[in-house]
$ cat model_28.cif   # mmCIF, C-alpha atoms
data_target
loop_
_atom_site.label_atom_id
_atom_site.label_comp_id
_atom_site.auth_asym_id
_atom_site.auth_seq_id
_atom_site.Cartn_x
_atom_site.Cartn_y
_atom_site.Cartn_z
CA GLY A 1106 25.05 40.62 -41.46
CA GLN A 1107 28.40 40.28 -43.15
CA GLN A 1108 31.04 38.10 -41.53
CA LEU A 1109 34.62 37.26 -42.29
CA ASN A 1110 35.72 33.71 -43.05
CA GLN A 1111 38.10 32.82 -40.26
CA SER A 1112 39.97 29.51 -40.11
CA PRO A 1113 40.64 27.21 -38.54
CA GLN A 1114 37.66 27.18 -36.20
CA SER A 1115 39.71 25.55 -33.45
CA MET A 1116 43.21 24.32 -32.81
CA PHE A 1117 44.73 22.05 -30.20
CA ILE A 1118 48.52 22.22 -30.11
CA GLN A 1119 51.50 21.36 -27.96
CA GLU A 1120 53.33 24.04 -26.05
CA GLY A 1121 56.19 25.38 -28.14
CA GLU A 1122 54.50 24.86 -31.50
CA ASP A 1123 53.82 27.68 -33.92
CA VAL A 1124 50.25 28.62 -34.80
CA SER A 1125 48.78 30.17 -37.92
CA MET A 1126 45.26 31.39 -38.54
CA ASN A 1127 43.73 33.52 -41.27
CA CYS A 1128 40.75 35.55 -42.34
CA THR A 1129 39.34 36.19 -45.76
CA SER A 1130 36.64 38.48 -47.03
CA SER A 1131 34.76 39.17 -50.22
CA SER A 1132 35.08 42.88 -49.45
CA ILE A 1133 38.06 45.17 -49.24
CA PHE A 1134 38.98 46.63 -45.87
CA ASN A 1135 41.19 49.58 -45.00
CA THR A 1136 42.09 48.22 -41.59
CA TRP A 1137 42.52 44.72 -40.24
CA LEU A 1138 42.54 43.99 -36.53
CA TRP A 1139 43.34 40.93 -34.47
CA TYR A 1140 41.82 40.52 -31.01
CA LYS A 1141 42.09 37.88 -28.30
CA GLN A 1142 39.28 37.08 -25.92
CA ASP A 1143 39.84 35.23 -22.66
CA PRO A 1144 36.90 33.53 -20.93
CA GLY A 1145 34.68 36.05 -19.17
CA GLU A 1146 36.53 39.03 -20.60
CA GLY A 1147 36.14 41.44 -23.47
CA PRO A 1148 38.24 41.23 -26.64
CA VAL A 1149 41.68 42.77 -26.28
CA LEU A 1150 43.51 44.20 -29.25
CA LEU A 1151 46.65 42.31 -30.29
CA ILE A 1152 47.66 43.89 -33.58
CA ALA A 1153 46.26 46.58 -35.87
CA LEU A 1154 47.15 46.72 -39.58
CA TYR A 1155 46.51 49.84 -41.64
CA LYS A 1156 48.24 49.29 -44.97
CA ALA A 1157 48.07 46.58 -47.62
CA GLY A 1158 51.13 44.37 -47.40
CA GLU A 1159 51.97 45.55 -43.90
CA LEU A 1160 53.64 43.00 -41.64
CA THR A 1161 53.52 43.84 -37.94
CA SER A 1162 54.83 42.03 -34.88
CA ASN A 1163 53.89 42.17 -31.22
CA GLY A 1164 56.22 39.92 -29.27
CA ARG A 1165 55.64 36.38 -30.49
CA LEU A 1166 52.71 37.47 -32.62
CA THR A 1167 53.00 38.50 -36.26
CA ALA A 1168 50.17 39.60 -38.50
CA GLN A 1169 49.99 40.63 -42.13
CA PHE A 1170 47.55 42.73 -44.12
CA GLY A 1171 47.03 40.97 -47.44
CA ILE A 1172 48.00 42.72 -50.66
CA THR A 1173 44.48 42.34 -52.05
CA ARG A 1174 43.11 43.94 -48.83
CA LYS A 1175 40.73 41.01 -48.59
CA ASP A 1176 42.67 38.86 -46.20
CA SER A 1177 44.94 38.79 -43.18
CA PHE A 1178 46.78 36.18 -41.17
CA LEU A 1179 48.07 35.89 -37.62
CA ASN A 1180 51.01 33.76 -36.55
CA ILE A 1181 51.96 32.88 -32.99
CA SER A 1182 55.42 31.49 -32.52
CA ALA A 1183 56.53 29.16 -29.72
CA SER A 1184 53.10 28.95 -28.10
CA ILE A 1185 52.74 28.96 -24.32
CA PRO A 1186 49.80 27.98 -22.09
CA SER A 1187 48.65 31.59 -21.63
CA ASP A 1188 48.03 31.82 -25.38
CA VAL A 1189 44.85 29.83 -24.79
CA GLY A 1190 41.76 31.77 -25.79
CA ILE A 1191 39.68 32.77 -28.76
CA TYR A 1192 41.31 34.85 -31.48
CA PHE A 1193 39.17 37.09 -33.64
CA CYS A 1194 39.95 38.92 -36.82
CA ALA A 1195 38.02 42.04 -37.69
CA GLY A 1196 37.92 44.30 -40.70
CA LEU A 1197 37.14 47.95 -40.23
CA SER A 1198 34.64 49.24 -42.71
CA ASN A 1199 34.44 53.01 -42.85
CA ALA A 1200 30.80 52.94 -43.85
CA GLY A 1201 29.92 56.58 -43.42
CA ASN A 1202 31.21 57.55 -40.01
CA ASN A 1203 30.43 54.27 -38.30
CA ARG A 1204 33.58 52.53 -37.12
CA LYS A 1205 31.81 49.29 -37.84
CA LEU A 1206 33.88 46.17 -37.34
CA ILE A 1207 33.08 43.10 -39.42
CA TRP A 1208 34.10 40.08 -37.37
CA GLY A 1209 35.23 36.55 -37.99
CA LEU A 1210 33.70 33.85 -35.80
CA GLY A 1211 36.95 33.20 -34.01
CA THR A 1212 39.66 30.56 -33.71
CA SER A 1213 39.64 28.74 -30.40
CA LEU A 1214 43.18 27.86 -29.36
CA ALA A 1215 44.05 25.22 -26.78
CA VAL A 1216 47.65 24.65 -25.74
CA ASN A 1217 48.75 21.44 -24.12
CA PRO A 1218 51.61 22.11 -21.66
CA GLU B 155 44.02 53.26 -15.92
CA ALA B 156 42.37 53.69 -19.31
CA GLN B 157 39.33 51.50 -19.46
CA VAL B 158 35.76 50.87 -20.50
CA THR B 159 33.60 49.90 -17.53
CA GLN B 160 30.33 48.05 -17.83
CA ASN B 161 27.85 47.30 -15.08
CA PRO B 162 26.55 44.93 -14.07
CA ARG B 163 28.77 42.01 -15.11
CA TYR B 164 25.93 39.54 -14.67
CA LEU B 165 22.19 40.11 -14.73
CA ILE B 166 19.26 37.72 -14.56
CA THR B 167 15.85 39.23 -15.14
CA VAL B 168 12.35 38.35 -16.26
CA THR B 169 10.57 39.10 -19.50
CA GLY B 170 9.23 42.62 -19.69
CA LYS B 171 11.13 44.15 -16.79
CA LYS B 172 12.98 47.23 -18.00
CA LEU B 173 16.71 47.26 -17.44
CA THR B 174 19.73 49.42 -18.17
CA VAL B 175 23.31 48.31 -18.69
CA THR B 176 25.72 51.13 -18.04
CA CYS B 177 28.94 51.82 -19.92
CA SER B 178 31.53 54.43 -19.05
CA GLN B 179 34.92 55.19 -20.57
CA ASN B 180 37.65 57.40 -19.13
CA MET B 181 39.64 57.96 -22.33
CA ASN B 182 37.67 60.92 -23.68
CA HIS B 183 36.73 58.87 -26.74
CA GLU B 184 34.20 60.29 -29.16
CA TYR B 185 33.01 57.00 -30.61
CA MET B 186 31.16 54.37 -28.57
CA SER B 187 29.30 51.25 -29.58
CA TRP B 188 27.36 48.28 -28.20
CA TYR B 189 27.78 44.72 -29.42
CA ARG B 190 26.15 41.47 -28.52
CA GLN B 191 28.00 38.16 -28.78
CA ASP B 192 26.17 34.91 -29.42
CA PRO B 193 27.54 31.43 -30.21
CA GLY B 194 27.76 30.83 -33.92
CA LEU B 195 26.82 34.43 -34.70
CA GLY B 196 29.88 36.23 -33.44
CA LEU B 197 29.83 39.89 -32.45
CA ARG B 198 27.01 42.00 -33.86
CA GLN B 199 26.67 45.73 -33.52
CA ILE B 200 23.53 47.00 -31.78
CA TYR B 201 23.96 50.79 -31.70
CA TYR B 202 26.78 53.25 -32.02
CA SER B 203 27.43 56.88 -31.20
CA MET B 204 29.79 59.23 -33.00
CA ASN B 205 29.64 61.86 -30.25
CA VAL B 206 27.39 63.40 -27.61
CA GLU B 207 23.73 63.38 -28.67
CA VAL B 208 24.59 61.50 -31.90
CA THR B 209 23.45 57.87 -32.01
CA ASP B 210 22.52 55.48 -34.78
CA LYS B 211 21.43 51.91 -35.35
CA GLY B 212 23.81 49.05 -35.97
CA ASP B 213 22.87 45.67 -37.37
CA VAL B 214 20.56 44.42 -34.62
CA PRO B 215 18.93 47.44 -32.91
CA GLU B 216 15.44 45.97 -32.40
CA GLY B 217 14.42 45.90 -28.74
CA TYR B 218 17.21 48.24 -27.62
CA LYS B 219 17.63 51.93 -26.95
CA VAL B 220 20.69 54.00 -26.18
CA SER B 221 21.46 57.53 -25.14
CA ARG B 222 24.59 59.68 -25.19
CA LYS B 223 24.03 62.67 -22.95
CA GLU B 224 27.65 62.82 -21.84
CA LYS B 225 30.81 61.89 -23.67
CA ARG B 226 31.91 59.26 -21.19
CA ASN B 227 28.60 57.36 -20.78
CA PHE B 228 26.64 55.25 -23.24
CA PRO B 229 23.93 53.22 -21.49
CA LEU B 230 22.06 50.39 -23.20
CA ILE B 231 18.36 50.24 -22.36
CA LEU B 232 16.05 47.28 -22.79
CA GLU B 233 12.54 48.62 -22.31
CA SER B 234 10.86 45.20 -22.37
CA PRO B 235 13.45 42.43 -22.39
CA SER B 236 12.63 39.13 -24.04
CA PRO B 237 14.40 35.75 -23.84
CA ASN B 238 15.98 36.23 -27.29
CA GLN B 239 17.96 39.10 -25.78
CA THR B 240 19.79 36.66 -23.55
CA SER B 241 23.36 37.26 -24.62
CA LEU B 242 26.80 38.58 -23.74
CA TYR B 243 26.96 42.34 -24.28
CA PHE B 244 30.04 44.45 -24.87
CA CYS B 245 30.50 48.18 -24.88
CA ALA B 246 33.43 49.61 -26.82
CA SER B 247 34.97 52.98 -27.54
CA SER B 248 37.58 54.58 -29.74
CA PRO B 249 38.88 58.08 -30.48
CA LYS B 250 37.96 59.87 -33.69
CA GLY B 251 40.41 60.52 -36.46
CA ARG B 252 42.47 57.79 -38.09
CA PRO B 253 40.55 54.48 -37.95
CA SER B 254 41.31 53.44 -34.40
CA PRO B 255 40.78 50.01 -32.88
CA LEU B 256 37.96 49.63 -30.40
CA HIS B 257 38.63 49.27 -26.69
CA PHE B 258 36.18 46.83 -25.13
CA GLY B 259 34.65 46.55 -21.70
CA ASN B 260 34.60 43.23 -19.87
CA GLY B 261 31.08 42.40 -20.85
CA THR B 262 27.65 41.96 -19.29
CA ARG B 263 26.10 38.53 -19.34
CA LEU B 264 22.33 38.97 -19.48
CA THR B 265 19.81 36.19 -18.98
CA VAL B 266 16.13 36.90 -19.60
CA THR B 267 13.73 34.22 -18.37
#
$ encode --input "model_28.cif" --output "structure tokens"
Amino acid sequence: GQQLNQSPQSMFIQEGEDVSMNCTSSSIFNTWLWYKQDPGEGPVLLIALYKAGELTSNGRLTAQFGITRKDSFLNISASIPSDVGIYFCAGLSNAGNNRKLIWGLGTSLAVNP
Amino acid sequence: EAQVTQNPRYLITVTGKKLTVTCSQNMNHEYMSWYRQDPGLGLRQIYYSMNVEVTDKGDVPEGYKVSRKEKRNFPLILESPSPNQTSLYFCASSPKGRPSPLHFGNGTRLTVT
């Protein structure tokens, strides 16, 4: 099945550093989503983007919907230990009525206190 | 509290022994879906349901069945589990209308020996 190209695959940073990750696709999406998954838990929505060019913040997190509608990035500022986890991007493809999400393979983030 | 509840969280079974993983949501969402998550393959959609009595195949439906007799419940049935169905399973839901992000359950880790 289709997947998004998400990078980097993993990151190991010091507490307080800023983090940037991105997703690209060969297809256009109408919605981009960023999720975080903690060990043993389901993905939790961080930010939803609905419009090309949109820049949205959620606390220390900022995400943008690329102008071409084929990419998105997520920034985390001033990282803290609880930011540890796997971050996934997902594009929502309105194929028929199926709210089918196309997923990246995730960015694993480790934060050294 | 708005949530998607899956049971059980962990399940170890043997090849061929029928099992059901339950999923229930209390948000009155029309759309529900099942995903499996495997290392290196990411999240893949198994089945989805647009509303009561309306279900359809996702990307990897082989070996699975679902039913949607009530709005809140969307059980996943493995009639004859095989080892290649060992995986982490997630149920998710969202309301209809504007493309809405999925709300995920906490997952069911299934091991088939």
$ resolve_selection --input "model_28.cif" --expression "the PyMOL selection byres ((chain B) within 9 of (chain A))" --output "list in words"
Tyr185, Ser187, Pro193, Gly194, Leu195, Gly196, Leu197, Arg198, Gln199, Tyr202, Ser203, Met204, Asp210, Gly212, Asp213, Phe244, Cys245, Ser248, Pro253, Ser254, Pro255, Leu256, His257, Phe258, Gly259, Asn260, Gly261 and Arg263 of chain B
$ resolve_selection --input "model_28.cif" --expression "the PyMOL selection byres ((chain A and resi 1115) around 9)" --output "number ranges by chain"
A: 1112-1114, 1116-1117, 1191, 1211-1215
$ resolve_selection --input "model_28.cif" --expression "the PyMOL selection byres ((chain A and resi 1124) around 6)" --output "PyMOL selection string"
chain A and resi 1123+1125+1180-1181
$ closest_residue --input "model_28.cif" --among "A:Asn1110, A:Ser1182, A:Ser1130, A:Gln1119" --to "Ala1168 (chain A)" --atoms "all atoms listed in the file"
A:Ser1182
$ residues_around --input "model_28.cif" --residues "Leu173 (chain B)" --least-positions-apart "2" --cutoff "9 Å" --atoms "all atoms listed in the file" --output "number ranges by chain"
B: 167, 171, 175, 230-235
$ residues_around --input "model_28.cif" --residues "region 222-226 of chain B" --least-positions-apart "3" --cutoff "7 Å" --atoms "all atoms listed in the file" --output "list in words"
Ser178, Gln179, Asn180, Asn182, Glu184, Asn205, Val206, Glu207 and Val208 of chain B
$ closest_residue --input "model_28.cif" --among "B:Tyr189, B:Tyr201, B:Tyr243, B:Tyr164" --to "Val220 (chain B)" --atoms "only C-alpha atoms"
B:Tyr201
$ closest_residue --input "model_28.cif" --among "B:Thr267, B:Cys177, B:Pro162, B:Lys172" --to "Gly217 (chain B)" --atoms "only C-alpha atoms"
B:Lys172
$ atom_distance --input "model_28.cif" --atom1 "CA of Glu1120 (chain A)" --atom2 "CA of Ala1183 (chain A)"
7.1 Å
